[in-house]
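structure-v5.txt (compact mmCIF, C-alpha atoms) appears below.
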```txt
# COMPACT_ATOMS: atom_id res chain seq x y z
CA MET P 1 -9.41 -3.95 186.82
CA THR P 2 -9.60 -0.30 187.83
CA SER P 3 -11.64 0.55 190.88
CA LYS P 4 -13.27 3.90 191.49
CA ALA P 5 -15.70 5.95 193.51
CA VAL P 6 -18.90 7.01 191.83
CA ILE P 7 -20.21 10.15 193.50
CA ILE P 8 -23.91 10.49 192.82
CA MET P 9 -25.47 13.82 193.69
CA GLY P 10 -29.16 14.38 194.20
CA SER P 11 -28.89 17.68 192.33
CA GLU P 12 -26.27 19.99 190.87
CA ARG P 13 -26.46 22.08 194.07
CA ASP P 14 -24.43 19.30 195.69
CA LEU P 15 -21.44 19.82 193.38
CA ASP P 16 -19.32 22.03 195.66
CA PHE P 17 -19.74 19.59 198.55
CA SER P 18 -18.93 16.68 196.22
CA ARG P 19 -15.78 18.45 195.09
CA GLU P 20 -14.61 18.42 198.71
CA ILE P 21 -14.94 14.62 198.76
CA ALA P 22 -13.15 14.41 195.41
CA LYS P 23 -10.27 16.52 196.75
CA TYR P 24 -9.56 13.86 199.40
CA LEU P 25 -10.12 10.96 197.00
CA LYS P 26 -7.54 12.45 194.66
CA LEU P 27 -5.12 12.92 197.57
CA LEU P 28 -5.58 9.23 198.46
CA GLY P 29 -5.13 8.07 194.85
CA VAL P 30 -8.72 7.04 194.15
CA THR P 31 -10.25 7.56 190.73
CA TYR P 32 -13.75 9.03 190.82
CA GLU P 33 -16.50 10.41 188.67
CA PHE P 34 -19.57 12.52 189.28
CA ARG P 35 -23.18 11.83 188.35
CA VAL P 36 -26.47 13.58 189.10
CA ALA P 37 -29.71 11.66 189.57
CA SER P 38 -32.58 11.80 192.03
CA ALA P 39 -34.33 8.89 193.71
CA HIS P 40 -37.48 11.01 193.90
CA LYS P 41 -37.43 12.70 190.50
CA THR P 42 -35.41 10.43 188.20
CA PRO P 43 -35.33 6.93 189.72
CA LEU P 44 -34.87 5.26 186.34
CA ALA P 45 -31.76 7.38 185.73
CA VAL P 46 -30.37 6.16 189.07
CA LEU P 47 -30.99 2.57 188.02
CA ASP P 48 -29.27 3.24 184.67
CA ILE P 49 -26.18 4.46 186.53
CA LEU P 50 -26.16 1.29 188.64
CA LYS P 51 -26.43 -0.85 185.48
CA GLU P 52 -23.50 1.01 183.95
CA PHE P 53 -21.23 0.03 186.86
CA GLU P 54 -22.70 -3.41 187.56
CA ASP P 55 -19.59 -5.31 186.41
CA LYS P 56 -17.05 -2.83 187.78
CA THR P 57 -15.36 -2.43 191.15
CA VAL P 58 -16.95 0.69 192.59
CA VAL P 59 -18.03 2.27 195.82
CA TYR P 60 -21.00 4.60 195.55
CA VAL P 61 -20.85 7.86 197.45
CA THR P 62 -24.24 9.52 197.67
CA VAL P 63 -24.59 13.24 198.30
CA ALA P 64 -28.17 14.30 198.83
CA GLY P 65 -29.63 16.64 201.36
CA ARG P 66 -33.14 17.21 202.67
CA SER P 67 -34.97 13.91 202.35
CA ASN P 68 -32.15 11.58 201.37
CA ALA P 69 -33.88 8.70 199.63
CA LEU P 70 -30.96 8.44 197.20
CA SER P 71 -28.63 6.50 199.49
CA ALA P 72 -31.13 3.86 200.57
CA PHE P 73 -32.55 3.58 197.04
CA ILE P 74 -29.10 2.91 195.60
CA ASP P 75 -28.18 0.51 198.41
CA GLY P 76 -31.40 -1.42 197.90
CA ASN P 77 -30.60 -1.87 194.21
CA THR P 78 -26.92 -2.84 194.30
CA SER P 79 -24.58 -5.19 196.10
CA LYS P 80 -21.81 -2.56 195.95
CA PRO P 81 -20.91 -0.52 199.04
CA VAL P 82 -22.79 2.76 199.51
CA ILE P 83 -21.53 5.62 201.64
CA ALA P 84 -24.10 8.32 202.33
CA ILE P 85 -22.71 11.76 203.04
CA PRO P 86 -25.55 14.24 203.33
CA PRO P 87 -24.47 17.88 203.22
CA TYR P 88 -25.12 19.62 206.51
CA SER P 89 -27.95 22.14 206.42
CA GLU P 90 -28.16 25.04 208.86
CA LYS P 91 -31.73 25.52 207.73
CA PHE P 92 -32.85 22.34 209.46
CA GLY P 93 -30.28 22.39 212.26
CA GLY P 94 -28.87 19.06 211.12
CA THR P 95 -32.12 17.15 211.58
CA ASP P 96 -32.25 16.29 207.88
CA ILE P 97 -29.48 13.74 208.53
CA TYR P 98 -32.08 11.42 210.04
CA SER P 99 -33.29 10.47 206.55
CA SER P 100 -29.82 9.01 205.98
CA LEU P 101 -29.67 7.25 209.35
CA ARG P 102 -33.18 5.75 209.56
CA VAL P 103 -33.56 3.49 206.54
CA PRO P 104 -35.70 0.45 205.77
CA SER P 105 -34.65 -3.06 206.76
CA GLY P 106 -32.30 -4.76 204.33
CA ILE P 107 -30.37 -1.54 203.66
CA GLY P 108 -26.70 -1.37 204.62
CA SER P 109 -25.49 2.05 203.58
CA VAL P 110 -22.93 3.70 205.82
CA VAL P 111 -23.30 7.35 206.85
CA THR P 112 -20.64 9.95 207.49
CA ILE P 113 -20.88 13.73 207.43
CA GLU P 114 -17.29 14.70 206.68
CA PRO P 115 -15.88 14.66 203.13
CA GLU P 116 -12.48 13.50 204.43
CA GLY P 117 -14.08 10.58 206.30
CA ALA P 118 -16.05 9.52 203.24
CA ALA P 119 -12.89 9.50 201.12
CA ILE P 120 -10.99 7.48 203.72
CA ALA P 121 -13.82 4.93 203.91
CA VAL P 122 -13.93 4.61 200.12
CA THR P 123 -10.18 4.12 199.98
CA LYS P 124 -10.20 1.49 202.70
CA ILE P 125 -12.98 -0.45 200.96
CA LEU P 126 -11.27 -0.34 197.57
CA GLY P 127 -7.99 -1.06 199.33
CA LEU P 128 -9.23 -4.52 200.27
CA SER P 129 -8.20 -5.54 196.77
CA ASN P 130 -5.54 -2.88 196.11
CA THR P 131 -2.50 -2.73 198.38
CA ASP P 132 -1.41 0.63 196.92
CA LEU P 133 -4.63 2.23 198.16
CA LEU P 134 -4.20 0.68 201.60
CA SER P 135 -0.68 2.07 201.71
CA ASN P 136 -2.05 5.51 200.77
CA VAL P 137 -4.51 5.39 203.66
CA LYS P 138 -1.81 4.36 206.11
CA THR P 139 0.51 7.13 204.91
CA TYR P 140 -2.29 9.71 205.15
CA GLN P 141 -3.38 8.64 208.62
CA ASP P 142 0.25 8.52 209.80
CA SER P 143 0.73 12.09 208.57
CA LYS P 144 -2.28 13.18 210.65
CA LYS P 145 -0.73 11.55 213.72
CA GLN P 146 2.58 13.28 213.03
CA GLU P 147 0.76 16.65 212.82
CA LEU P 148 -0.56 16.08 216.33
CA THR P 149 2.83 15.05 217.64
CA ARG P 150 4.39 18.23 216.19
CA ALA P 151 1.56 20.35 217.62
CA ASN P 152 2.11 18.80 221.03
CA GLU P 153 5.83 19.60 220.92
CA THR P 154 5.11 23.18 219.84
CA ILE P 155 2.59 23.70 222.64
CA LYS P 156 4.99 22.26 225.24
CA LYS P 157 7.64 24.82 224.21
CA LEU P 158 5.15 27.69 224.56
CA ILE P 159 4.12 26.87 228.10
```
Serialized structure, C-alpha cells:
Amino acid sequence: MTSKAVIIMGSERDLDFSREIAKYLKLLGVTYEFRVASAHKTPLAVLDILKEFEDKTVVYVTVAGRSNALSAFIDGNTSKPVIAIPPYSEKFGGTDIYSSLRVPSGIGSVVTIEPEGAAIAVTKILGLSNTDLLSNVKTYQDSKKQELTRANETIKKLI
C-alpha cells in the first residue's frame, strides 16, 4: 500500500507556499498530491476529498491563511493525521495563526509554520509503517547536524 501526503489548499493563492512543502516531501521520498477546497466556501468538496482517501494511508497537510477553518474541519471529519501549516501573513503580523492554534474540543490537528517542518512531520508519521521513510528522515536530520559541525569547524579556523 502506497502512502502519501495530501496537501489541501484553501485557495490557489496557497500554491507557491504548498510547493515549498512539496519540495521537502520530494527530498524525503514522500509521494504527494495537491487539492484545493475551502471549509467556508466548498465544505462538500472537502468532504469529497476525505471520502476519496478514506481507505488509503495518508497524512493531510492543510494550507490556509486568514481564518483557517480548513484544518479543524478536516481533522473533525477524518481519523487520519492533519498537519496545519498556515502561510505567514505580514498583513496581520502573524496573528492569523491563532485560528490554527485555537480549535474546538475533539480536534487534534498539529500546527507548524515551516514547510520543512511539515514535511519532516509527514515523513515521520508515514514512516511508522515504512522503514525507508524513517531512514530518509534520519539521513536528512543527520545531514543537518553535519552542516552545523562543518560550520563550527570553519568558524573556529576564522577566529
Quick one, how far is CA of Thr149 (chain P) from CA of Ile21 (chain P)? 25.9 Å
Which polymer residues have any atom within 8 Å of an atom of region 66-81 of chain P, counting all atoms listed in the file, with same-chain residues fewer than 4 positions away left out, as an NGL selection string? :P and (10 or 38-40 or 46-47 or 50 or 54 or 58-60 or 62 or 86 or 96-97 or 99-100 or 103-104 or 106-109)
Give me the residues within 9 Å of region 136-141 of chain P as a PDB file with C-alpha atoms, keeping the file's coordinate frame, counting all atoms listed in the file and dropping any in the same chain fewer than 2 places off.
```pdb
ATOM      1  CA  LEU P  27      -5.120  12.920 197.570  1.00  0.00           C
ATOM      2  CA  LEU P  28      -5.580   9.230 198.460  1.00  0.00           C
ATOM      3  CA  GLY P  29      -5.130   8.070 194.850  1.00  0.00           C
ATOM      4  CA  ILE P 120     -10.990   7.480 203.720  1.00  0.00           C
ATOM      5  CA  THR P 123     -10.180   4.120 199.980  1.00  0.00           C
ATOM      6  CA  LYS P 124     -10.200   1.490 202.700  1.00  0.00           C
ATOM      7  CA  GLY P 127      -7.990  -1.060 199.330  1.00  0.00           C
ATOM      8  CA  THR P 131      -2.500  -2.730 198.380  1.00  0.00           C
ATOM      9  CA  ASP P 132      -1.410   0.630 196.920  1.00  0.00           C
ATOM     10  CA  LEU P 133      -4.630   2.230 198.160  1.00  0.00           C
ATOM     11  CA  LEU P 134      -4.200   0.680 201.600  1.00  0.00           C
ATOM     12  CA  SER P 143       0.730  12.090 208.570  1.00  0.00           C
ATOM     13  CA  LYS P 144      -2.280  13.180 210.650  1.00  0.00           C
ATOM     14  CA  LYS P 145      -0.730  11.550 213.720  1.00  0.00           C
ATOM     15  CA  GLN P 146       2.580  13.280 213.030  1.00  0.00           C
TER      16      GLN P 146
END
```
Just the residues within 12 Å of Val36 (chain P), please, counting only C-alpha atoms, with nothing from its chain fewer than 4 positions along; format it as a tab-separated table (two decimals) with C-alpha atoms, in the frame of the given file.
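Dumped to result.tsv:
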```
chain	number	residue	atom	x	y	z
P	6	VAL	CA	-18.90	7.01	191.83
P	7	ILE	CA	-20.21	10.15	193.50
P	8	ILE	CA	-23.91	10.49	192.82
P	9	MET	CA	-25.47	13.82	193.69
P	10	GLY	CA	-29.16	14.38	194.20
P	11	SER	CA	-28.89	17.68	192.33
P	12	GLU	CA	-26.27	19.99	190.87
P	13	ARG	CA	-26.46	22.08	194.07
P	14	ASP	CA	-24.43	19.30	195.69
P	15	LEU	CA	-21.44	19.82	193.38
P	18	SER	CA	-18.93	16.68	196.22
P	41	LYS	CA	-37.43	12.70	190.50
P	42	THR	CA	-35.41	10.43	188.20
P	43	PRO	CA	-35.33	6.93	189.72
P	45	ALA	CA	-31.76	7.38	185.73
P	46	VAL	CA	-30.37	6.16	189.07
P	47	LEU	CA	-30.99	2.57	188.02
P	48	ASP	CA	-29.27	3.24	184.67
P	49	ILE	CA	-26.18	4.46	186.53
P	61	VAL	CA	-20.85	7.86	197.45
P	62	THR	CA	-24.24	9.52	197.67
P	63	VAL	CA	-24.59	13.24	198.30
P	64	ALA	CA	-28.17	14.30	198.83
P	70	LEU	CA	-30.96	8.44	197.20
```
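In this structure, CA of Tyr24 (chain P) sits 5.8 Å away from CA of Glu116 (chain P).
In this structure, CA of Leu126 (chain P) sits 9.9 Å away from CA of Thr2 (chain P).
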